[in-house]
Every structure is written in C-alpha cells, then in structure tokens.
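Just below is one structure, and these are the notes that go with it.
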Amino acid sequence: CAILLAIGLVVVYAISPALSSANHVSGNYYVTKQMLAIGLSLVALGITARVPLSFWRQAYKPLLWVAAGATLLALIIPVNPNYPAHRWVRLGSLSFQSVELVKFALMIWLAGMLAERIRQGTITDTQSTLKPLFVALGVVGLTVAGVQSDLGSTGVVIAMMTAMAFVAGLPLKRIMLIAGVIAIGLILAVSAIPYRRARLEAFLHPQSNCQGSGYQACQALISVGSGGIF
C-alpha cells in the first residue's frame, strides 16, 4: 500500500504543473491535496484498525443502511456537467463515491455471514450461502453497474466477494457457477452500452484510434517504448 501511495504521489506531482496552469491554481495545489488525503486516510486506518472485531460484527446492519443512504443521496444530488454519472456525494468541498461505503459495508457483512456458515457447517449449502451471495451481487450489479454506470467498481466488489467466499471454503464448482453468471452479466453490460463497447475495443486494439478512445493506451506504449521499464 505504501508503494502504491508513493507512486500515486509521484504521478500527481508529475502532472500538477499542467493541471495547475489549466485551472489557474497554485503549482502545489494538487500535490498538497493528495498529501492531505493520504494523511487523513492513514489516520482513518489507525482508528479503524484499533476498533474491536466484535464491534464490526455488530455494526454491519447500520453500515449497510449508511451505504444504501449514501447511494440514494448520490442518485438524487444534481450531477457535475463534466461528470454526469450519479456516483458522487458532494457536501460542500467534501466529495466521495458512495460505492466506497458499499465496498466496506459488504466486506463486513460477508465476513460475518461466511464465518457464521463455517461455524454451522453450512458453507456449501445453496439456500443459506449461495442465495445471499447472488442477491448481494444482483443488487450491486443493478445499482452500481446499472444505475450508477460504474462497471469498474462493480468488478472490484465482485472480485472481493468471490475471493472471500473462496477463502472461506466455498467449493470451486460453486465459485465457477458464480463466475459463469457474472460472465453472462458482464457480456450483457458491455454489449448494451456503446461507450463500454468502445472501451473494450480500445483495450483490444488501441492503435486503431490513438487520438480518441485508445489515446491513453497508446501514450502508455509510447512511454514504455521510449523510456523503458525503469
């Protein structure tokens, strides 16, 4: 995590001059903002890491309600014209994506649910384990991928939940069943939306449109090709 934070800070520092000039702010504005965000995150990490596990086990319902409320709030708050998706909760100068609360709440709920199924010896039971998993995945898919149009975050949530279920002991056959259902949903989600199809085509064939949808991929290839790995 520290390495990722450091790389992110270097990247922000590298692009700050152009962004600062375009937005008419101080040259250190974006670096300072990023460092402040890192500091607040470390404080939040230190606090949450010291909270007893028993508290989190009891708090999953309020967390789910808060996540649901934040999602509804994001859907009704007027969107920024530059970012028309209903993903952000903006309260004055503070803004965050509601899906981040959804990730945390689902992680706490699923950990408790899987631990209980392990104690009961019903981790392989379709009714008590697979059904709640499919319901949760369906709600996330409809809300985050469908309404909020955030397929990337949906993928992160699905990967997190699937990995937790696998580690908890859900049989590989059941995991493959879940993966098959997800694959079908992913194909439908990508094929139904033009800009998602364009992104997939740009990922597979970035050189076909280096000035449009494949711009970032082409620039990445040029950077690595010119500068090498190091």
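Residue names in the structure tokens use chain letters A, B, ... in the order shown, residue numbers from 1 in each chain, and ligand numbers from 1 in the order shown.
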Report as CSV the residues of region 163-184 of chain A within 10 Å of region 113-127 of chain A, each with its shortest atom pair and distance in Å (one decimal), using only C-alpha atoms, ordered by chain and increasing residue number.
residue,atom,partner,partner_atom,distance
A:Met164,CA,A:Leu114,CA,8.3
A:Ala165,CA,A:Leu114,CA,7.2
A:Val167,CA,A:Leu114,CA,9.8
A:Ala168,CA,A:Leu114,CA,6.5
A:Gly169,CA,A:Ile123,CA,6.9
A:Leu170,CA,A:Thr124,CA,5.9
A:Pro171,CA,A:Thr124,CA,6.8
A:Arg174,CA,A:Thr124,CA,8.2
9 Å contact set for Gln148 (chain A), only C-alpha atoms, chain neighbours under 6 positions out, as a list in words | Thr71, Ala74, Leu75, Ala85, His86, Arg87 and Leu142 of chain A
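In this model, the gap between CA of Ala163 (chain A) and CA of Val139 (chain A) comes to 18.3 Å.
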Select from region 65-173 of chain A every residue with an atom at most 12 Å from any atom of region 191-204 of chain A, then for each give the shortest pair of atoms and their distance in Å to one decimal, using only C-alpha atoms, rows by chain and rising number, as JSON lines.
{"residue": "A:Ala145", "atom": "CA", "partner": "A:Ile193", "partner_atom": "CA", "distance": 11.1}
{"residue": "A:Gly146", "atom": "CA", "partner": "A:Ile193", "partner_atom": "CA", "distance": 10.3}
{"residue": "A:Ser149", "atom": "CA", "partner": "A:Ile193", "partner_atom": "CA", "distance": 9.5}
{"residue": "A:Asp150", "atom": "CA", "partner": "A:Arg196", "partner_atom": "CA", "distance": 10.4}
{"residue": "A:Leu151", "atom": "CA", "partner": "A:Arg196", "partner_atom": "CA", "distance": 8.9}
{"residue": "A:Gly152", "atom": "CA", "partner": "A:Arg196", "partner_atom": "CA", "distance": 10.7}
Output for the residues just chosen: N, CA, C and O atoms as a compact mmCIF listing (two decimals), in the first residue's frame:
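This went into out.txt:
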# COMPACT_ATOMS: atom_id res chain seq x y z
N ALA A 145 -23.49 -0.93 -11.28
CA ALA A 145 -23.22 -1.05 -12.72
C ALA A 145 -24.35 -0.49 -13.55
O ALA A 145 -24.12 0.14 -14.59
N GLY A 146 -25.61 -0.71 -13.11
CA GLY A 146 -26.74 -0.27 -13.91
C GLY A 146 -27.07 1.20 -13.74
O GLY A 146 -26.93 1.99 -14.68
N SER A 149 -23.75 3.35 -13.45
CA SER A 149 -22.92 3.11 -14.64
C SER A 149 -21.44 3.02 -14.29
O SER A 149 -20.59 3.57 -14.97
N ASP A 150 -21.14 2.30 -13.20
CA ASP A 150 -19.75 2.16 -12.74
C ASP A 150 -19.38 0.69 -12.78
O ASP A 150 -19.38 0.00 -11.76
N LEU A 151 -19.02 0.22 -13.97
CA LEU A 151 -18.72 -1.19 -14.15
C LEU A 151 -17.40 -1.56 -13.48
O LEU A 151 -17.23 -2.68 -13.00
N GLY A 152 -16.45 -0.63 -13.44
CA GLY A 152 -15.16 -0.91 -12.81
C GLY A 152 -15.29 -1.21 -11.33
O GLY A 152 -14.73 -2.20 -10.83
Determine the nearest neighbour of Ser54 (chain A) from the options A:Ala217, A:Ala159, A:Leu72, A:Ile108, counting only C-alpha atoms.
-> A:Ile108
What are the DSSP helix (DSSP H, G or I) residues of region 13-224 of chain A, as JSON, numbers by chain?
-> {"A": [13, 14, 15, 16, 17, 18, 19, 20, 21, 22, 23, 29, 30, 31, 32, 33, 34, 35, 36, 37, 38, 39, 40, 41, 42, 43, 44, 45, 46, 47, 48, 49, 53, 54, 55, 56, 57, 58, 60, 61, 62, 63, 64, 65, 66, 67, 68, 69, 70, 71, 72, 73, 74, 75, 76, 98, 99, 100, 101, 102, 103, 104, 105, 106, 107, 108, 109, 110, 111, 112, 113, 114, 115, 116, 117, 118, 119, 120, 126, 127, 128, 129, 130, 131, 132, 133, 134, 135, 136, 137, 138, 139, 140, 141, 142, 143, 144, 145, 146, 147, 151, 152, 153, 154, 155, 156, 157, 158, 159, 160, 161, 162, 163, 164, 165, 166, 167, 168, 172, 173, 174, 175, 176, 177, 178, 179, 180, 181, 182, 183, 184, 185, 186, 187, 188, 189, 190, 191, 192, 194, 195, 196, 197, 198, 199, 200, 201, 202, 203, 204, 206, 207, 208, 209, 215, 216, 217, 218, 219, 220, 221, 222, 223, 224]}
